[in-house]
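Trainee: Sharing final_25.cif below, mmCIF, N, CA and C atoms:
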```
data_my_file
#
loop_
_atom_site.label_atom_id
_atom_site.label_comp_id
_atom_site.auth_asym_id
_atom_site.auth_seq_id
_atom_site.Cartn_x
_atom_site.Cartn_y
_atom_site.Cartn_z
N MET A 9 19.51 11.61 -11.46
CA MET A 9 18.08 11.35 -11.59
C MET A 9 17.50 12.37 -12.57
N SER A 10 16.69 11.87 -13.48
CA SER A 10 16.12 12.77 -14.48
C SER A 10 15.05 13.66 -13.87
N ASN A 11 14.76 14.75 -14.57
CA ASN A 11 13.75 15.70 -14.12
C ASN A 11 12.38 15.03 -14.00
N VAL A 12 12.08 14.12 -14.94
CA VAL A 12 10.79 13.43 -14.91
C VAL A 12 10.68 12.59 -13.64
N ILE A 13 11.73 11.86 -13.33
CA ILE A 13 11.73 11.02 -12.12
C ILE A 13 11.62 11.90 -10.88
N GLU A 14 12.33 13.02 -10.86
CA GLU A 14 12.24 13.93 -9.72
C GLU A 14 10.81 14.42 -9.51
N GLN A 15 10.13 14.73 -10.60
CA GLN A 15 8.73 15.17 -10.51
C GLN A 15 7.82 14.06 -10.00
N ILE A 16 8.05 12.86 -10.48
CA ILE A 16 7.24 11.71 -10.02
C ILE A 16 7.44 11.49 -8.53
N VAL A 17 8.69 11.50 -8.09
CA VAL A 17 9.01 11.30 -6.67
C VAL A 17 8.41 12.42 -5.82
N ALA A 18 8.47 13.64 -6.31
CA ALA A 18 7.89 14.78 -5.58
C ALA A 18 6.39 14.59 -5.40
N ARG A 19 5.69 14.18 -6.46
CA ARG A 19 4.24 13.94 -6.36
C ARG A 19 3.93 12.77 -5.43
N GLN A 20 4.75 11.74 -5.48
CA GLN A 20 4.55 10.61 -4.57
C GLN A 20 4.70 11.06 -3.12
N ASN A 21 5.71 11.88 -2.86
CA ASN A 21 5.92 12.38 -1.50
C ASN A 21 4.75 13.25 -1.04
N GLN A 22 4.21 14.06 -1.95
CA GLN A 22 3.05 14.88 -1.61
C GLN A 22 1.85 13.99 -1.26
N LEU A 23 1.66 12.92 -2.01
CA LEU A 23 0.56 12.00 -1.74
C LEU A 23 0.74 11.33 -0.38
N LEU A 24 1.96 10.91 -0.06
CA LEU A 24 2.22 10.30 1.25
C LEU A 24 1.94 11.30 2.38
N GLU A 25 2.39 12.53 2.21
CA GLU A 25 2.15 13.56 3.23
C GLU A 25 0.65 13.81 3.40
N PHE A 26 -0.07 13.87 2.30
CA PHE A 26 -1.52 14.07 2.38
C PHE A 26 -2.18 12.90 3.11
N THR A 27 -1.78 11.69 2.78
CA THR A 27 -2.34 10.50 3.42
C THR A 27 -2.08 10.53 4.92
N GLU A 28 -0.86 10.86 5.31
CA GLU A 28 -0.52 10.92 6.73
C GLU A 28 -1.29 12.04 7.44
N SER A 29 -1.58 13.12 6.75
CA SER A 29 -2.24 14.26 7.38
C SER A 29 -3.67 13.94 7.81
N TRP A 30 -4.36 13.03 7.14
CA TRP A 30 -5.74 12.73 7.54
C TRP A 30 -5.83 11.48 8.40
N GLN A 31 -4.74 10.72 8.56
CA GLN A 31 -4.81 9.49 9.35
C GLN A 31 -5.04 9.76 10.84
N LYS A 32 -4.34 10.72 11.42
CA LYS A 32 -4.51 11.01 12.85
C LYS A 32 -5.92 11.45 13.18
N PRO A 33 -6.50 12.40 12.44
CA PRO A 33 -7.88 12.79 12.75
C PRO A 33 -8.87 11.62 12.61
N VAL A 34 -8.67 10.77 11.62
CA VAL A 34 -9.56 9.61 11.46
C VAL A 34 -9.42 8.67 12.65
N LEU A 35 -8.20 8.37 13.06
CA LEU A 35 -7.98 7.50 14.21
C LEU A 35 -8.61 8.09 15.48
N SER A 36 -8.47 9.37 15.66
CA SER A 36 -9.05 10.03 16.82
C SER A 36 -10.57 9.93 16.80
N ALA A 37 -11.18 10.18 15.66
CA ALA A 37 -12.64 10.10 15.54
C ALA A 37 -13.14 8.68 15.78
N VAL A 38 -12.44 7.70 15.23
CA VAL A 38 -12.85 6.30 15.43
C VAL A 38 -12.72 5.91 16.90
N SER A 39 -11.65 6.33 17.53
CA SER A 39 -11.46 6.02 18.96
C SER A 39 -12.57 6.64 19.82
N ARG A 40 -12.90 7.90 19.55
CA ARG A 40 -13.97 8.56 20.30
C ARG A 40 -15.31 7.86 20.07
N THR A 41 -15.58 7.50 18.81
CA THR A 41 -16.83 6.83 18.49
C THR A 41 -16.91 5.47 19.16
N ALA A 42 -15.82 4.72 19.12
CA ALA A 42 -15.79 3.40 19.76
C ALA A 42 -16.02 3.51 21.26
N ALA A 43 -15.43 4.52 21.89
CA ALA A 43 -15.62 4.72 23.32
C ALA A 43 -17.08 5.08 23.62
N ALA A 44 -17.67 5.92 22.79
CA ALA A 44 -19.07 6.29 22.99
C ALA A 44 -19.99 5.09 22.82
N VAL A 45 -19.74 4.29 21.82
CA VAL A 45 -20.55 3.08 21.60
C VAL A 45 -20.36 2.12 22.77
N GLU A 46 -19.15 1.94 23.23
CA GLU A 46 -18.86 1.03 24.35
C GLU A 46 -19.61 1.45 25.60
N SER A 47 -19.65 2.75 25.87
CA SER A 47 -20.34 3.21 27.08
C SER A 47 -21.85 2.96 26.99
N ARG A 48 -22.39 2.97 25.80
CA ARG A 48 -23.83 2.75 25.64
C ARG A 48 -24.19 1.26 25.56
N THR A 49 -23.26 0.44 25.13
CA THR A 49 -23.56 -0.99 25.00
C THR A 49 -23.50 -1.71 26.34
N ALA A 50 -22.95 -1.09 27.35
CA ALA A 50 -22.87 -1.72 28.66
C ALA A 50 -24.27 -2.05 29.19
N ARG A 51 -25.26 -1.28 28.78
CA ARG A 51 -26.63 -1.50 29.24
C ARG A 51 -27.37 -2.58 28.43
N LEU A 52 -26.81 -2.96 27.30
CA LEU A 52 -27.46 -3.97 26.45
C LEU A 52 -27.25 -5.37 27.02
N PRO A 53 -28.11 -6.31 26.65
CA PRO A 53 -27.90 -7.69 27.10
C PRO A 53 -26.57 -8.21 26.57
N LYS A 54 -25.96 -9.09 27.33
CA LYS A 54 -24.67 -9.65 26.94
C LYS A 54 -24.85 -10.58 25.75
N PHE A 55 -23.83 -10.61 24.89
CA PHE A 55 -23.83 -11.48 23.73
C PHE A 55 -23.72 -12.93 24.21
N PRO A 56 -24.48 -13.85 23.62
CA PRO A 56 -24.41 -15.24 24.09
C PRO A 56 -23.01 -15.82 23.93
N ASN A 57 -22.66 -16.71 24.80
CA ASN A 57 -21.35 -17.35 24.77
C ASN A 57 -21.40 -18.50 23.76
N LEU A 58 -20.97 -18.24 22.54
CA LEU A 58 -20.96 -19.25 21.49
C LEU A 58 -19.56 -19.84 21.38
N PRO A 59 -19.44 -21.15 21.34
CA PRO A 59 -18.12 -21.79 21.37
C PRO A 59 -17.19 -21.36 20.23
N PHE A 60 -17.72 -21.14 19.05
CA PHE A 60 -16.85 -20.81 17.91
C PHE A 60 -16.25 -19.40 18.01
N LEU A 61 -16.82 -18.54 18.82
CA LEU A 61 -16.31 -17.17 18.92
C LEU A 61 -14.87 -17.13 19.42
N ALA A 62 -14.52 -18.06 20.29
CA ALA A 62 -13.15 -18.09 20.82
C ALA A 62 -12.15 -18.46 19.73
N GLU A 63 -12.61 -19.11 18.68
CA GLU A 63 -11.72 -19.53 17.59
C GLU A 63 -11.49 -18.44 16.55
N LEU A 64 -12.33 -17.43 16.55
CA LEU A 64 -12.18 -16.37 15.57
C LEU A 64 -10.96 -15.51 15.88
N PRO A 65 -10.21 -15.13 14.85
CA PRO A 65 -9.05 -14.26 15.10
C PRO A 65 -9.48 -12.84 15.40
N LYS A 66 -8.60 -12.11 16.05
CA LYS A 66 -8.83 -10.69 16.29
C LYS A 66 -8.70 -9.96 14.96
N PRO A 67 -9.39 -8.84 14.81
CA PRO A 67 -9.23 -8.06 13.57
C PRO A 67 -7.77 -7.70 13.30
N SER A 68 -7.01 -7.38 14.34
CA SER A 68 -5.60 -7.02 14.13
C SER A 68 -4.80 -8.21 13.58
N GLU A 69 -5.16 -9.42 14.00
CA GLU A 69 -4.49 -10.62 13.47
C GLU A 69 -4.82 -10.81 11.99
N LEU A 70 -6.07 -10.59 11.64
CA LEU A 70 -6.47 -10.70 10.23
C LEU A 70 -5.71 -9.70 9.37
N TRP A 71 -5.63 -8.46 9.85
CA TRP A 71 -4.92 -7.44 9.09
C TRP A 71 -3.44 -7.76 8.97
N GLN A 72 -2.86 -8.26 10.05
CA GLN A 72 -1.43 -8.60 10.02
C GLN A 72 -1.14 -9.63 8.94
N VAL A 73 -1.96 -10.67 8.88
CA VAL A 73 -1.79 -11.72 7.87
C VAL A 73 -1.96 -11.14 6.47
N GLN A 74 -2.97 -10.30 6.29
CA GLN A 74 -3.22 -9.71 4.98
C GLN A 74 -2.10 -8.76 4.56
N LEU A 75 -1.61 -7.98 5.51
CA LEU A 75 -0.53 -7.05 5.17
C LEU A 75 0.78 -7.77 4.87
N GLU A 76 1.05 -8.86 5.59
CA GLU A 76 2.24 -9.66 5.28
C GLU A 76 2.13 -10.26 3.88
N PHE A 77 0.95 -10.75 3.52
CA PHE A 77 0.74 -11.28 2.18
C PHE A 77 0.93 -10.18 1.14
N ALA A 78 0.35 -9.01 1.40
CA ALA A 78 0.48 -7.89 0.46
C ALA A 78 1.94 -7.51 0.27
N SER A 79 2.73 -7.54 1.33
CA SER A 79 4.17 -7.22 1.23
C SER A 79 4.88 -8.25 0.36
N LYS A 80 4.57 -9.52 0.59
CA LYS A 80 5.19 -10.58 -0.22
C LYS A 80 4.78 -10.45 -1.68
N LEU A 81 3.52 -10.16 -1.92
CA LEU A 81 3.03 -9.99 -3.28
C LEU A 81 3.70 -8.79 -3.95
N MET A 82 3.82 -7.70 -3.21
CA MET A 82 4.48 -6.51 -3.76
C MET A 82 5.95 -6.80 -4.07
N GLU A 83 6.64 -7.48 -3.20
CA GLU A 83 8.05 -7.82 -3.42
C GLU A 83 8.19 -8.73 -4.65
N ASN A 84 7.29 -9.69 -4.77
CA ASN A 84 7.30 -10.59 -5.93
C ASN A 84 7.06 -9.81 -7.21
N ASN A 85 6.09 -8.91 -7.20
CA ASN A 85 5.80 -8.09 -8.38
C ASN A 85 6.94 -7.14 -8.71
N LYS A 86 7.58 -6.61 -7.68
CA LYS A 86 8.72 -5.72 -7.88
C LYS A 86 9.83 -6.46 -8.62
N LYS A 87 10.15 -7.66 -8.14
CA LYS A 87 11.19 -8.47 -8.77
C LYS A 87 10.83 -8.76 -10.23
N PHE A 88 9.59 -9.16 -10.47
CA PHE A 88 9.15 -9.47 -11.83
C PHE A 88 9.25 -8.25 -12.74
N ILE A 89 8.75 -7.11 -12.28
CA ILE A 89 8.74 -5.89 -13.10
C ILE A 89 10.16 -5.45 -13.42
N LEU A 90 11.06 -5.52 -12.43
CA LEU A 90 12.44 -5.11 -12.68
C LEU A 90 13.12 -6.04 -13.68
N GLU A 91 12.88 -7.35 -13.55
CA GLU A 91 13.46 -8.30 -14.50
C GLU A 91 12.86 -8.11 -15.89
N LEU A 92 11.56 -7.86 -15.96
CA LEU A 92 10.90 -7.62 -17.24
C LEU A 92 11.44 -6.35 -17.88
N THR A 93 11.62 -5.32 -17.08
CA THR A 93 12.15 -4.06 -17.59
C THR A 93 13.56 -4.23 -18.12
N GLU A 94 14.37 -4.98 -17.39
CA GLU A 94 15.74 -5.23 -17.85
C GLU A 94 15.74 -5.98 -19.18
N ALA A 95 14.84 -6.95 -19.32
CA ALA A 95 14.76 -7.72 -20.56
C ALA A 95 14.37 -6.84 -21.74
N LEU A 96 13.51 -5.85 -21.50
CA LEU A 96 13.06 -4.96 -22.57
C LEU A 96 13.98 -3.76 -22.77
N GLU A 97 14.66 -3.38 -21.73
CA GLU A 97 15.43 -2.14 -21.77
C GLU A 97 16.60 -2.19 -22.74
N ALA A 98 17.34 -3.28 -22.75
CA ALA A 98 18.54 -3.37 -23.60
C ALA A 98 18.20 -3.15 -25.08
N PRO A 99 17.22 -3.87 -25.63
CA PRO A 99 16.89 -3.62 -27.04
C PRO A 99 16.37 -2.20 -27.28
N MET A 100 15.63 -1.64 -26.33
CA MET A 100 15.11 -0.29 -26.50
C MET A 100 16.24 0.74 -26.50
N VAL A 101 17.18 0.58 -25.58
CA VAL A 101 18.30 1.51 -25.50
C VAL A 101 19.14 1.39 -26.76
N GLU A 102 19.36 0.16 -27.19
CA GLU A 102 20.15 -0.06 -28.41
C GLU A 102 19.48 0.60 -29.62
N ALA A 103 18.18 0.44 -29.75
CA ALA A 103 17.45 1.04 -30.87
C ALA A 103 17.50 2.57 -30.80
N THR A 104 17.37 3.11 -29.59
CA THR A 104 17.43 4.56 -29.41
C THR A 104 18.80 5.11 -29.78
N GLU A 105 19.85 4.42 -29.33
CA GLU A 105 21.21 4.87 -29.63
C GLU A 105 21.49 4.75 -31.13
N LYS A 106 20.99 3.70 -31.76
CA LYS A 106 21.17 3.53 -33.20
C LYS A 106 20.48 4.67 -33.96
N ALA A 107 19.23 4.95 -33.56
CA ALA A 107 18.48 6.04 -34.21
C ALA A 107 19.16 7.38 -33.99
N LYS A 108 19.71 7.59 -32.81
CA LYS A 108 20.41 8.84 -32.51
C LYS A 108 21.66 8.95 -33.34
N GLY A 109 22.38 7.84 -33.49
CA GLY A 109 23.59 7.82 -34.30
C GLY A 109 23.29 8.12 -35.75
N GLU A 110 22.19 7.58 -36.24
CA GLU A 110 21.80 7.83 -37.62
C GLU A 110 21.41 9.29 -37.85
N SER A 111 20.73 9.89 -36.85
CA SER A 111 20.31 11.30 -37.00
C SER A 111 21.52 12.24 -36.87
N ASP A 112 22.53 11.82 -36.08
CA ASP A 112 23.73 12.64 -35.94
C ASP A 112 24.57 12.63 -37.22
N SER A 113 24.52 11.51 -37.95
CA SER A 113 25.34 11.41 -39.15
C SER A 113 24.72 12.10 -40.35
N GLU A 114 23.47 12.49 -40.23
CA GLU A 114 22.79 13.16 -41.36
C GLU A 114 23.17 14.60 -41.47
#
```
Just give me the structure of the file as C-alpha coordinates.
Mentor:
Amino acid sequence: MSNVIEQIVARQNQLLEFTESWQKPVLSAVSRTAAAVESRTARLPKFPNLPFLAELPKPSELWQVQLEFASKLMENNKKFILELTEALEAPMVEATEKAKGESDSE
(Lines of atoms letter the chains of each structure in order from A and count residues from 1; the text may use other names and numbers.)
(Lines give C-alpha, C1' and ligand atoms only; values in the text may rest on other atoms or scores of the structure.)
Protein backbone atom coordinates (compact mmCIF):
# COMPACT_ATOMS: atom_id res chain seq x y z
CA MET A 1 0.00 0.00 0.00
CA SER A 2 1.38 3.38 -0.96
CA ASN A 3 2.10 6.10 1.58
CA VAL A 4 -0.66 8.25 0.09
CA ILE A 5 -3.23 5.48 0.53
CA GLU A 6 -2.01 4.85 4.09
CA GLN A 7 -2.54 8.53 4.90
CA ILE A 8 -6.02 8.51 3.36
CA VAL A 9 -7.00 5.40 5.34
CA ALA A 10 -5.58 6.90 8.54
CA ARG A 11 -7.68 10.07 8.08
CA GLN A 12 -10.76 8.00 7.30
CA ASN A 13 -10.23 6.00 10.49
CA GLN A 14 -9.85 9.22 12.49
CA LEU A 15 -13.13 10.49 11.04
CA LEU A 16 -14.91 7.25 11.94
CA GLU A 17 -13.54 7.40 15.50
CA PHE A 18 -14.65 11.02 15.83
CA THR A 19 -18.13 10.16 14.53
CA GLU A 20 -18.45 7.27 16.98
CA SER A 21 -17.24 9.44 19.88
CA TRP A 22 -20.20 11.84 19.67
CA GLN A 23 -22.91 9.26 18.85
CA LYS A 24 -23.31 7.89 22.40
CA PRO A 25 -23.70 11.32 24.05
CA VAL A 26 -26.24 12.34 21.39
CA LEU A 27 -28.25 9.14 21.87
CA SER A 28 -28.20 9.63 25.62
CA ALA A 29 -29.39 13.24 25.35
CA VAL A 30 -32.17 12.32 22.92
CA SER A 31 -33.33 9.48 25.17
CA ARG A 32 -33.42 11.75 28.23
CA THR A 33 -35.27 14.45 26.29
CA ALA A 34 -37.80 11.96 24.92
CA ALA A 35 -38.45 10.62 28.42
CA ALA A 36 -38.93 14.15 29.77
CA VAL A 37 -41.33 15.04 26.97
CA GLU A 38 -43.24 11.76 27.47
CA SER A 39 -43.72 12.44 31.17
CA ARG A 40 -45.16 15.88 30.42
CA THR A 41 -47.40 14.81 27.55
CA ALA A 42 -49.30 12.36 29.74
CA ARG A 43 -51.34 15.33 31.00
CA LEU A 44 -52.22 16.53 27.49
CA PRO A 45 -55.42 15.49 25.74
CA LYS A 46 -55.11 12.24 23.80
CA PHE A 47 -54.48 12.43 20.07
CA PRO A 48 -57.65 11.62 18.09
CA ASN A 49 -57.92 8.10 16.74
CA LEU A 50 -57.54 8.67 13.00
CA PRO A 51 -57.86 5.56 10.79
CA PHE A 52 -54.87 6.35 8.56
CA LEU A 53 -52.46 6.55 11.50
CA ALA A 54 -52.40 2.76 11.80
CA GLU A 55 -51.18 2.57 8.19
CA LEU A 56 -48.19 4.82 8.72
CA PRO A 57 -44.86 3.04 9.11
CA LYS A 58 -42.74 3.41 12.21
CA PRO A 59 -39.77 5.76 11.87
CA SER A 60 -37.43 2.78 12.29
CA GLU A 61 -39.14 1.05 9.34
CA LEU A 62 -38.68 4.14 7.18
CA TRP A 63 -35.00 4.34 8.08
CA GLN A 64 -34.49 0.63 7.43
CA VAL A 65 -35.91 0.96 3.91
CA GLN A 66 -33.84 4.07 3.23
CA LEU A 67 -30.63 2.53 4.56
CA GLU A 68 -31.15 -0.64 2.51
CA PHE A 69 -31.62 1.52 -0.59
CA ALA A 70 -28.51 3.55 0.27
CA SER A 71 -26.50 0.31 0.61
CA LYS A 72 -27.71 -0.92 -2.77
CA LEU A 73 -26.95 2.45 -4.34
CA MET A 74 -23.48 2.50 -2.78
CA GLU A 75 -22.75 -1.05 -3.99
CA ASN A 76 -23.95 -0.13 -7.49
CA ASN A 77 -21.76 2.99 -7.52
CA LYS A 78 -18.80 1.03 -6.18
CA LYS A 79 -19.10 -1.48 -9.02
CA PHE A 80 -19.42 1.30 -11.61
CA ILE A 81 -16.46 3.30 -10.25
CA LEU A 82 -14.20 0.24 -10.12
CA GLU A 83 -15.12 -0.76 -13.67
CA LEU A 84 -14.64 2.83 -14.86
CA THR A 85 -11.28 3.02 -13.13
CA GLU A 86 -10.16 -0.24 -14.71
CA ALA A 87 -11.18 1.04 -18.14
CA LEU A 88 -9.12 4.21 -17.64
CA GLU A 89 -6.25 2.71 -15.69
CA ALA A 90 -4.68 0.56 -18.41
CA PRO A 91 -4.09 3.41 -20.88
CA MET A 92 -2.86 5.68 -18.07
CA VAL A 93 -0.40 3.08 -16.76
CA GLU A 94 0.78 2.36 -20.28
CA ALA A 95 1.36 6.08 -20.97
CA THR A 96 3.19 6.50 -17.66
CA GLU A 97 5.44 3.52 -18.31
CA LYS A 98 6.14 4.75 -21.85
CA ALA A 99 7.05 8.22 -20.57
CA LYS A 100 9.24 6.69 -17.87
CA GLY A 101 10.99 4.51 -20.44
CA GLU A 102 11.64 7.51 -22.63
CA SER A 103 13.08 9.53 -19.73
CA ASP A 104 15.29 6.59 -18.69
CA SER A 105 16.74 6.30 -22.20
CA GLU A 106 17.74 9.98 -22.31
Trainee: In Å, how far is it from atom N of Lys86 (chain A) to atom N of Glu14 (chain A)?
Mentor: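 Here the two named atoms are 20.4 Å from each other.
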Trainee: Using CA of Pro33 (chain A) and atom N of Glu46 (chain A) as the two end points, give the distance in Å to one decimal.
Mentor: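 These two atoms are separated by 18.8 Å.
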Trainee: Taking the backbone alone, and naming residues the way the document does, which bits of chain A are alpha helix (DSSP H) by DSSP, as a VMD selection string?
Mentor: chain A and resid 11 to 49 67 to 113
Trainee: Could you please determine the separation between CA of Ala18 (chain A) and CA of Asn85 (chain A) in Å, to one decimal place?
Mentor: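 Separation between CA of Ala18 (chain A) and CA of Asn85 (chain A): 23.1 Å.
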